[in-house]
file model.pdb (PDB, C-alpha atoms)
ATOM      1  CA  MET O   1       0.000   0.000   0.000
ATOM      2  CA  SER O   2       1.585   3.268  -1.070
ATOM      3  CA  GLU O   3      -1.195   5.821  -0.510
ATOM      4  CA  LEU O   4      -1.633   7.605   2.781
ATOM      5  CA  SER O   5      -4.599   6.142   4.618
ATOM      6  CA  SER O   6      -6.989   7.935   6.939
ATOM      7  CA  LEU O   7      -8.017   6.934  10.458
ATOM      8  CA  TYR O   8     -11.583   6.949  11.778
ATOM      9  CA  VAL O   9     -12.368   6.055  15.413
ATOM     10  CA  SER O  10     -15.783   5.988  17.084
ATOM     11  CA  ILE O  11     -16.401   4.370  20.478
ATOM     12  CA  LYS O  12     -19.660   4.582  22.407
ATOM     13  CA  THR O  13     -18.775   4.695  26.085
ATOM     14  CA  LYS O  14     -19.340   6.797  29.183
ATOM     15  CA  GLN O  15     -17.193   9.856  29.799
ATOM     16  CA  GLU O  16     -15.903   8.367  33.073
ATOM     17  CA  ASN O  17     -14.591   5.276  31.236
ATOM     18  CA  LEU O  18     -12.784   7.484  28.774
ATOM     19  CA  GLU O  19     -11.313   9.569  31.595
ATOM     20  CA  ARG O  20      -9.991   6.459  33.358
ATOM     21  CA  PHE O  21      -8.301   5.424  30.106
ATOM     22  CA  PHE O  22      -6.839   8.898  29.577
ATOM     23  CA  GLN O  23      -5.429   8.997  33.119
ATOM     24  CA  ALA O  24      -3.693   5.624  32.693
ATOM     25  CA  LYS O  25      -0.267   5.136  31.169
ATOM     26  CA  PRO O  26       0.248   3.430  27.797
ATOM     27  CA  VAL O  27       0.768  -0.316  28.129
ATOM     28  CA  THR O  28       3.135  -2.661  26.349
ATOM     29  CA  PRO O  29       1.105  -4.618  23.784
ATOM     30  CA  LYS O  30       1.180  -8.394  23.889
ATOM     31  CA  ILE O  31       1.179 -10.334  20.656
ATOM     32  CA  ASP O  32      -1.683 -12.827  20.627
ATOM     33  CA  GLN O  33      -3.626 -14.862  18.075
ATOM     34  CA  ASN O  34      -5.729 -11.850  17.077
ATOM     35  CA  TRP O  35      -2.630  -9.802  16.263
ATOM     36  CA  THR O  36      -0.913 -12.589  14.314
ATOM     37  CA  SER O  37      -4.049 -13.610  12.385
ATOM     38  CA  TRP O  38      -4.631 -10.024  11.322
ATOM     39  CA  TRP O  39      -0.945  -9.514  10.437
ATOM     40  CA  ASP O  40      -0.898 -12.705   8.385
ATOM     41  CA  SER O  41      -3.984 -11.508   6.460
ATOM     42  CA  ARG O  42      -2.197  -8.342   5.263
ATOM     43  CA  GLU O  43      -0.490  -8.129   1.888
ATOM     44  CA  MET O  44       2.770  -6.190   2.008
ATOM     45  CA  TYR O  45       6.205  -6.162   0.446
ATOM     46  CA  GLY O  46       9.007  -7.794   2.419
ATOM     47  CA  LYS O  47       6.677  -8.924   5.188
ATOM     48  CA  SER O  48       8.364 -10.438   8.187
ATOM     49  CA  PRO O  49       6.664 -12.252  11.082
ATOM     50  CA  LEU O  50       5.068 -10.065  13.735
ATOM     51  CA  THR O  51       7.448 -10.426  16.671
ATOM     52  CA  LYS O  52       7.260  -6.963  18.231
ATOM     53  CA  ILE O  53       4.681  -4.193  18.359
ATOM     54  CA  SER O  54       5.916  -0.668  18.943
ATOM     55  CA  TYR O  55       3.753   1.497  21.143
ATOM     56  CA  TYR O  56       3.426   5.116  22.239
ATOM     57  CA  ASN O  57       5.593   5.437  25.333
ATOM     58  CA  TYR O  58       7.749   8.502  24.938
ATOM     59  CA  ASP O  59       8.101   9.122  28.650
ATOM     60  CA  LYS O  60       7.478   6.891  31.677
ATOM     61  CA  GLU O  61       5.203   9.562  33.152
ATOM     62  CA  GLU O  62       3.153  10.049  30.004
ATOM     63  CA  THR O  63      -0.556   9.279  30.114
ATOM     64  CA  ASN O  64      -2.928   8.176  27.383
ATOM     65  CA  ARG O  65      -4.278  11.752  27.400
ATOM     66  CA  ALA O  66      -0.811  13.060  26.503
ATOM     67  CA  VAL O  67      -0.590  10.512  23.689
ATOM     68  CA  PHE O  68      -3.952  11.654  22.315
ATOM     69  CA  ASP O  69      -3.054  15.322  22.663
ATOM     70  CA  SER O  70       0.148  14.714  20.672
ATOM     71  CA  PHE O  71      -1.979  13.744  17.648
ATOM     72  CA  LYS O  72      -3.313  17.312  17.592
ATOM     73  CA  LEU O  73       0.218  18.594  16.836
ATOM     74  CA  ASP O  74       0.408  16.799  13.489
ATOM     75  CA  PRO O  75       0.401  18.982  10.320
ATOM     76  CA  TYR O  76      -3.006  17.382   9.607
ATOM     77  CA  PRO O  77      -4.125  17.143  13.226
ATOM     78  CA  ALA O  78      -6.543  14.716  14.773
ATOM     79  CA  GLN O  79     -10.021  16.129  14.978
ATOM     80  CA  GLY O  80     -12.426  14.656  17.439
ATOM     81  CA  LYS O  81     -15.177  14.776  19.968
ATOM     82  CA  GLU O  82     -15.571  13.649  23.529
ATOM     83  CA  GLY O  83     -18.855  13.583  25.327
ATOM     84  CA  ARG O  84     -21.411  11.672  27.290
ATOM     85  CA  GLU O  85     -22.181   9.479  24.276
ATOM     86  CA  GLY O  86     -18.605   8.495  23.619
ATOM     87  CA  TRP O  87     -15.420   9.392  21.875
ATOM     88  CA  GLY O  88     -14.310   9.691  18.320
ATOM     89  CA  PHE O  89     -11.546  11.187  16.258
ATOM     90  CA  THR O  90     -10.172  11.243  12.761
ATOM     91  CA  MET O  91      -6.835  11.780  11.114
ATOM     92  CA  ILE O  92      -7.190  12.572   7.400
ATOM     93  CA  VAL O  93      -3.535  11.851   6.613
ATOM     94  CA  PHE O  94      -2.448   9.053   8.893
ATOM     95  CA  SER O  95      -0.055   6.452   7.485
ATOM     96  CA  GLU O  96       0.978   4.518   4.427
ATOM     97  CA  ASN O  97       2.629   1.439   5.929
ATOM     98  CA  TYR O  98       1.752  -1.327   8.332
ATOM     99  CA  GLU O  99       4.717  -0.876  10.675
ATOM    100  CA  GLU O 100       3.657   2.741  11.277
ATOM    101  CA  ILE O 101       0.082   1.845  12.220
ATOM    102  CA  LEU O 102       1.016  -0.744  14.848
ATOM    103  CA  PRO O 103       1.475   1.768  17.713
ATOM    104  CA  MET O 104      -1.928   3.327  17.012
ATOM    105  CA  LEU O 105      -3.646  -0.053  16.880
ATOM    106  CA  ALA O 106      -1.927  -1.136  20.101
ATOM    107  CA  TRP O 107      -2.958   2.115  21.786
ATOM    108  CA  LEU O 108      -6.554   1.805  20.610
ATOM    109  CA  LYS O 109      -6.773  -1.861  21.648
ATOM    110  CA  SER O 110      -5.640  -0.835  25.136
ATOM    111  CA  ILE O 111      -8.885   1.065  25.774
ATOM    112  CA  ALA O 112     -10.953  -2.164  25.767
ATOM    113  CA  PRO O 113     -10.514  -2.998  29.503
ATOM    114  CA  TYR O 114     -11.857   0.467  30.398
ATOM    115  CA  LEU O 115     -15.108  -0.049  28.503
ATOM    116  CA  ASP O 116     -18.363  -1.397  29.912
ATOM    117  CA  ALA O 117     -19.645  -4.734  28.585
ATOM    118  CA  GLU O 118     -22.319  -2.993  26.467
ATOM    119  CA  ASP O 119     -19.951  -0.394  24.978
ATOM    120  CA  GLU O 120     -19.078  -0.729  21.326
ATOM    121  CA  GLY O 121     -17.105   0.966  18.627
ATOM    122  CA  VAL O 122     -14.907   0.766  15.588
ATOM    123  CA  ALA O 123     -11.601   2.029  14.257
ATOM    124  CA  ILE O 124     -10.832   1.881  10.551
ATOM    125  CA  ILE O 125      -7.666   2.769   8.673
ATOM    126  CA  TYR O 126      -8.516   3.035   5.001
ATOM    127  CA  ASP O 127      -7.973   4.940   1.752
ATOM    128  CA  PHE O 128     -10.590   7.655   2.289
ATOM    129  CA  PHE O 129      -8.343  10.455   1.082
ATOM    130  CA  TRP O 130      -7.722   8.759  -2.263
ATOM    131  CA  SER O 131     -11.308   7.467  -2.696
ATOM    132  CA  CYS O 132     -10.173   3.864  -2.862
ATOM    133  CA  SER O 133     -11.687   0.880  -1.105
ATOM    134  CA  SER O 134      -8.598  -0.645   0.543
ATOM    135  CA  VAL O 135      -8.660  -1.227   4.295
ATOM    136  CA  MET O 136      -5.388  -1.454   6.221
ATOM    137  CA  ALA O 137      -6.996  -2.168   9.577
ATOM    138  CA  HIS O 138     -10.476  -2.718  10.985
ATOM    139  CA  LEU O 139     -10.735  -2.835  14.772
ATOM    140  CA  VAL O 140     -14.051  -3.675  16.459
ATOM    141  CA  PHE O 141     -14.804  -2.904  20.120
ATOM    142  CA  ALA O 142     -17.431  -5.107  21.811
ATOM    143  CA  GLY O 143     -17.788  -6.933  25.117
ATOM    144  CA  GLN O 144     -14.721  -5.206  26.635
ATOM    145  CA  GLN O 145     -12.583  -6.597  23.815
ATOM    146  CA  ALA O 146     -10.919  -4.973  20.815
ATOM    147  CA  SER O 147     -10.527  -7.347  17.882
ATOM    148  CA  LEU O 148      -8.679  -6.786  14.640
ATOM    149  CA  ARG O 149     -10.639  -8.113  11.676
ATOM    150  CA  PRO O 150      -9.126  -9.470   8.433
ATOM    151  CA  THR O 151     -11.099  -6.881   6.418
ATOM    152  CA  THR O 152      -9.379  -5.774   3.193
ATOM    153  CA  GLU O 153     -12.138  -3.789   1.429
ATOM    154  CA  THR O 154     -14.577  -1.149   2.679
ATOM    155  CA  SER O 155     -17.429  -3.186   1.152
ATOM    156  CA  GLU O 156     -16.830  -5.779   3.913
ATOM    157  CA  ILE O 157     -17.725  -3.225   6.615
ATOM    158  CA  GLU O 158     -21.334  -2.496   7.559
ATOM    159  CA  PRO O 159     -22.603   0.221   5.159
ATOM    160  CA  LYS O 160     -23.969   2.368   8.015
ATOM    161  CA  VAL O 161     -20.530   2.387   9.684
ATOM    162  CA  MET O 162     -18.764   3.275   6.414
ATOM    163  CA  ALA O 163     -21.275   6.047   5.684
ATOM    164  CA  GLU O 164     -20.612   7.587   9.103
ATOM    165  CA  ALA O 165     -16.831   7.199   8.689
ATOM    166  CA  ASN O 166     -16.898   8.839   5.244
ATOM    167  CA  LYS O 167     -19.146  11.669   6.469
ATOM    168  CA  THR O 168     -16.976  12.330   9.525
ATOM    169  CA  LEU O 169     -13.732  12.290   7.527
ATOM    170  CA  GLN O 170     -15.260  14.552   4.850
ATOM    171  CA  ASN O 171     -16.322  17.027   7.551
ATOM    172  CA  ALA O 172     -12.767  16.951   8.946
ATOM    173  CA  MET O 173     -11.319  17.552   5.483
ATOM    174  CA  ASP O 174     -13.757  20.409   4.864
ATOM    175  CA  ALA O 175     -12.707  21.986   8.186
ATOM    176  CA  ILE O 176      -9.029  21.736   7.237
ATOM    177  CA  ASP O 177      -9.769  23.242   3.805
ATOM    178  CA  ALA O 178     -11.762  26.105   5.373
ATOM    179  CA  GLU O 179      -9.005  26.814   7.882
ATOM    180  CA  SER O 180      -6.339  26.828   5.182
ATOM    181  CA  GLY O 181      -8.373  28.985   2.796
ATOM    182  CA  TYR O 182      -8.897  26.244   0.183
ATOM    183  CA  ALA O 183     -12.659  26.021   0.677
ATOM    184  CA  ASP O 184     -14.839  27.198  -2.213
TER     185      ASP O 184
END

call {"tool": "encode", "arguments": {"input": "model.pdb", "output": "C-alpha coordinates"}}
result
Amino acid sequence: MSELSSLYVSIKTKQENLERFFQAKPVTPKIDQNWTSWWDSREMYGKSPLTKISYYNYDKEETNRAVFDSFKLDPYPAQGKEGREGWGFTMIVFSENYEEILPMLAWLKSIAPYLDAEDEGVAIIYDFFWSCSSVMAHLVFAGQQASLRPTTETSEIEPKVMAEANKTLQNAMDAIDAESGYAD
(Lines of atoms letter the chains of each structure in order from A and count residues from 1; the text may use other names and numbers.)
(Lines give C-alpha, C1' and ligand atoms only; values in the text may rest on other atoms or scores of the structure.)
Protein backbone atom coordinates (compact mmCIF):
# COMPACT_ATOMS: atom_id res chain seq x y z
CA MET A 1 0.00 0.00 0.00
CA SER A 2 1.58 3.27 -1.07
CA GLU A 3 -1.19 5.82 -0.51
CA LEU A 4 -1.63 7.61 2.78
CA SER A 5 -4.60 6.14 4.62
CA SER A 6 -6.99 7.93 6.94
CA LEU A 7 -8.02 6.93 10.46
CA TYR A 8 -11.58 6.95 11.78
CA VAL A 9 -12.37 6.05 15.41
CA SER A 10 -15.78 5.99 17.08
CA ILE A 11 -16.40 4.37 20.48
CA LYS A 12 -19.66 4.58 22.41
CA THR A 13 -18.77 4.69 26.08
CA LYS A 14 -19.34 6.80 29.18
CA GLN A 15 -17.19 9.86 29.80
CA GLU A 16 -15.90 8.37 33.07
CA ASN A 17 -14.59 5.28 31.24
CA LEU A 18 -12.78 7.48 28.77
CA GLU A 19 -11.31 9.57 31.60
CA ARG A 20 -9.99 6.46 33.36
CA PHE A 21 -8.30 5.42 30.11
CA PHE A 22 -6.84 8.90 29.58
CA GLN A 23 -5.43 9.00 33.12
CA ALA A 24 -3.69 5.62 32.69
CA LYS A 25 -0.27 5.14 31.17
CA PRO A 26 0.25 3.43 27.80
CA VAL A 27 0.77 -0.32 28.13
CA THR A 28 3.14 -2.66 26.35
CA PRO A 29 1.11 -4.62 23.78
CA LYS A 30 1.18 -8.39 23.89
CA ILE A 31 1.18 -10.33 20.66
CA ASP A 32 -1.68 -12.83 20.63
CA GLN A 33 -3.63 -14.86 18.07
CA ASN A 34 -5.73 -11.85 17.08
CA TRP A 35 -2.63 -9.80 16.26
CA THR A 36 -0.91 -12.59 14.31
CA SER A 37 -4.05 -13.61 12.39
CA TRP A 38 -4.63 -10.02 11.32
CA TRP A 39 -0.95 -9.51 10.44
CA ASP A 40 -0.90 -12.71 8.38
CA SER A 41 -3.98 -11.51 6.46
CA ARG A 42 -2.20 -8.34 5.26
CA GLU A 43 -0.49 -8.13 1.89
CA MET A 44 2.77 -6.19 2.01
CA TYR A 45 6.20 -6.16 0.45
CA GLY A 46 9.01 -7.79 2.42
CA LYS A 47 6.68 -8.92 5.19
CA SER A 48 8.36 -10.44 8.19
CA PRO A 49 6.66 -12.25 11.08
CA LEU A 50 5.07 -10.07 13.74
CA THR A 51 7.45 -10.43 16.67
CA LYS A 52 7.26 -6.96 18.23
CA ILE A 53 4.68 -4.19 18.36
CA SER A 54 5.92 -0.67 18.94
CA TYR A 55 3.75 1.50 21.14
CA TYR A 56 3.43 5.12 22.24
CA ASN A 57 5.59 5.44 25.33
CA TYR A 58 7.75 8.50 24.94
CA ASP A 59 8.10 9.12 28.65
CA LYS A 60 7.48 6.89 31.68
CA GLU A 61 5.20 9.56 33.15
CA GLU A 62 3.15 10.05 30.00
CA THR A 63 -0.56 9.28 30.11
CA ASN A 64 -2.93 8.18 27.38
CA ARG A 65 -4.28 11.75 27.40
CA ALA A 66 -0.81 13.06 26.50
CA VAL A 67 -0.59 10.51 23.69
CA PHE A 68 -3.95 11.65 22.32
CA ASP A 69 -3.05 15.32 22.66
CA SER A 70 0.15 14.71 20.67
CA PHE A 71 -1.98 13.74 17.65
CA LYS A 72 -3.31 17.31 17.59
CA LEU A 73 0.22 18.59 16.84
CA ASP A 74 0.41 16.80 13.49
CA PRO A 75 0.40 18.98 10.32
CA TYR A 76 -3.01 17.38 9.61
CA PRO A 77 -4.12 17.14 13.23
CA ALA A 78 -6.54 14.72 14.77
CA GLN A 79 -10.02 16.13 14.98
CA GLY A 80 -12.43 14.66 17.44
CA LYS A 81 -15.18 14.78 19.97
CA GLU A 82 -15.57 13.65 23.53
CA GLY A 83 -18.86 13.58 25.33
CA ARG A 84 -21.41 11.67 27.29
CA GLU A 85 -22.18 9.48 24.28
CA GLY A 86 -18.60 8.50 23.62
CA TRP A 87 -15.42 9.39 21.87
CA GLY A 88 -14.31 9.69 18.32
CA PHE A 89 -11.55 11.19 16.26
CA THR A 90 -10.17 11.24 12.76
CA MET A 91 -6.84 11.78 11.11
CA ILE A 92 -7.19 12.57 7.40
CA VAL A 93 -3.54 11.85 6.61
CA PHE A 94 -2.45 9.05 8.89
CA SER A 95 -0.05 6.45 7.48
CA GLU A 96 0.98 4.52 4.43
CA ASN A 97 2.63 1.44 5.93
CA TYR A 98 1.75 -1.33 8.33
CA GLU A 99 4.72 -0.88 10.67
CA GLU A 100 3.66 2.74 11.28
CA ILE A 101 0.08 1.84 12.22
CA LEU A 102 1.02 -0.74 14.85
CA PRO A 103 1.47 1.77 17.71
CA MET A 104 -1.93 3.33 17.01
CA LEU A 105 -3.65 -0.05 16.88
CA ALA A 106 -1.93 -1.14 20.10
CA TRP A 107 -2.96 2.12 21.79
CA LEU A 108 -6.55 1.81 20.61
CA LYS A 109 -6.77 -1.86 21.65
CA SER A 110 -5.64 -0.84 25.14
CA ILE A 111 -8.89 1.06 25.77
CA ALA A 112 -10.95 -2.16 25.77
CA PRO A 113 -10.51 -3.00 29.50
CA TYR A 114 -11.86 0.47 30.40
CA LEU A 115 -15.11 -0.05 28.50
CA ASP A 116 -18.36 -1.40 29.91
CA ALA A 117 -19.64 -4.73 28.59
CA GLU A 118 -22.32 -2.99 26.47
CA ASP A 119 -19.95 -0.39 24.98
CA GLU A 120 -19.08 -0.73 21.33
CA GLY A 121 -17.10 0.97 18.63
CA VAL A 122 -14.91 0.77 15.59
CA ALA A 123 -11.60 2.03 14.26
CA ILE A 124 -10.83 1.88 10.55
CA ILE A 125 -7.67 2.77 8.67
CA TYR A 126 -8.52 3.03 5.00
CA ASP A 127 -7.97 4.94 1.75
CA PHE A 128 -10.59 7.65 2.29
CA PHE A 129 -8.34 10.45 1.08
CA TRP A 130 -7.72 8.76 -2.26
CA SER A 131 -11.31 7.47 -2.70
CA CYS A 132 -10.17 3.86 -2.86
CA SER A 133 -11.69 0.88 -1.10
CA SER A 134 -8.60 -0.64 0.54
CA VAL A 135 -8.66 -1.23 4.29
CA MET A 136 -5.39 -1.45 6.22
CA ALA A 137 -7.00 -2.17 9.58
CA HIS A 138 -10.48 -2.72 10.98
CA LEU A 139 -10.74 -2.83 14.77
CA VAL A 140 -14.05 -3.67 16.46
CA PHE A 141 -14.80 -2.90 20.12
CA ALA A 142 -17.43 -5.11 21.81
CA GLY A 143 -17.79 -6.93 25.12
CA GLN A 144 -14.72 -5.21 26.63
CA GLN A 145 -12.58 -6.60 23.81
CA ALA A 146 -10.92 -4.97 20.81
CA SER A 147 -10.53 -7.35 17.88
CA LEU A 148 -8.68 -6.79 14.64
CA ARG A 149 -10.64 -8.11 11.68
CA PRO A 150 -9.13 -9.47 8.43
CA THR A 151 -11.10 -6.88 6.42
CA THR A 152 -9.38 -5.77 3.19
CA GLU A 153 -12.14 -3.79 1.43
CA THR A 154 -14.58 -1.15 2.68
CA SER A 155 -17.43 -3.19 1.15
CA GLU A 156 -16.83 -5.78 3.91
CA ILE A 157 -17.72 -3.23 6.62
CA GLU A 158 -21.33 -2.50 7.56
CA PRO A 159 -22.60 0.22 5.16
CA LYS A 160 -23.97 2.37 8.01
CA VAL A 161 -20.53 2.39 9.68
CA MET A 162 -18.76 3.28 6.41
CA ALA A 163 -21.28 6.05 5.68
CA GLU A 164 -20.61 7.59 9.10
CA ALA A 165 -16.83 7.20 8.69
CA ASN A 166 -16.90 8.84 5.24
CA LYS A 167 -19.15 11.67 6.47
CA THR A 168 -16.98 12.33 9.53
CA LEU A 169 -13.73 12.29 7.53
CA GLN A 170 -15.26 14.55 4.85
CA ASN A 171 -16.32 17.03 7.55
CA ALA A 172 -12.77 16.95 8.95
CA MET A 173 -11.32 17.55 5.48
CA ASP A 174 -13.76 20.41 4.86
CA ALA A 175 -12.71 21.99 8.19
CA ILE A 176 -9.03 21.74 7.24
CA ASP A 177 -9.77 23.24 3.80
CA ALA A 178 -11.76 26.11 5.37
CA GLU A 179 -9.00 26.81 7.88
CA SER A 180 -6.34 26.83 5.18
CA GLY A 181 -8.37 28.99 2.80
CA TYR A 182 -8.90 26.24 0.18
CA ALA A 183 -12.66 26.02 0.68
CA ASP A 184 -14.84 27.20 -2.21

call {"tool": "atom_distance", "arguments": {"input": "model.pdb", "atom1": "CA of Gln33 (chain O)", "atom2": "CA of Phe89 (chain O)"}}
result
27.3 Å

call {"tool": "residues_around", "arguments": {"input": "model.pdb", "residues": "Thr168 (chain O)", "least_positions_apart": "2", "cutoff": "12 Å", "atoms": "only C-alpha atoms", "output": "list of chain:residue names"}}
result
O:Ser6, O:Leu7, O:Tyr8, O:Val9, O:Ser10, O:Ala78, O:Gln79, O:Gly80, O:Lys81, O:Gly88, O:Phe89, O:Thr90, O:Met91, O:Ile92, O:Phe128, O:Val161, O:Met162, O:Ala163, O:Glu164, O:Ala165, O:Asn166, O:Gln170, O:Asn171, O:Ala172, O:Met173, O:Asp174, O:Ala175

call {"tool": "closest_residue", "arguments": {"input": "model.pdb", "among": "O:Glu19, O:Glu43, O:Asp32, O:Asp59", "to": "Leu115 (chain O)", "atoms": "all atoms listed in the file"}}
result
O:Glu19

call {"tool": "closest_residue", "arguments": {"input": "model.pdb", "among": "O:Ala112, O:Ile101, O:Leu4, O:Ala106", "to": "Arg20 (chain O)", "atoms": "all atoms listed in the file"}}
result
O:Ala112

call {"tool": "resolve_selection", "arguments": {"input": "model.pdb", "expression": "the PyMOL selection byres ((chain O and resi 154) around 10)", "output": "JSON, numbers by chain"}}
result
{"O": [124, 125, 126, 127, 128, 132, 133, 134, 135, 136, 138, 151, 152, 153, 155, 156, 157, 158, 159, 161, 162]}

call {"tool": "atom_distance", "arguments": {"input": "model.pdb", "atom1": "CA of Ser95 (chain O)", "atom2": "CA of Asp69 (chain O)"}}
result
17.8 Å
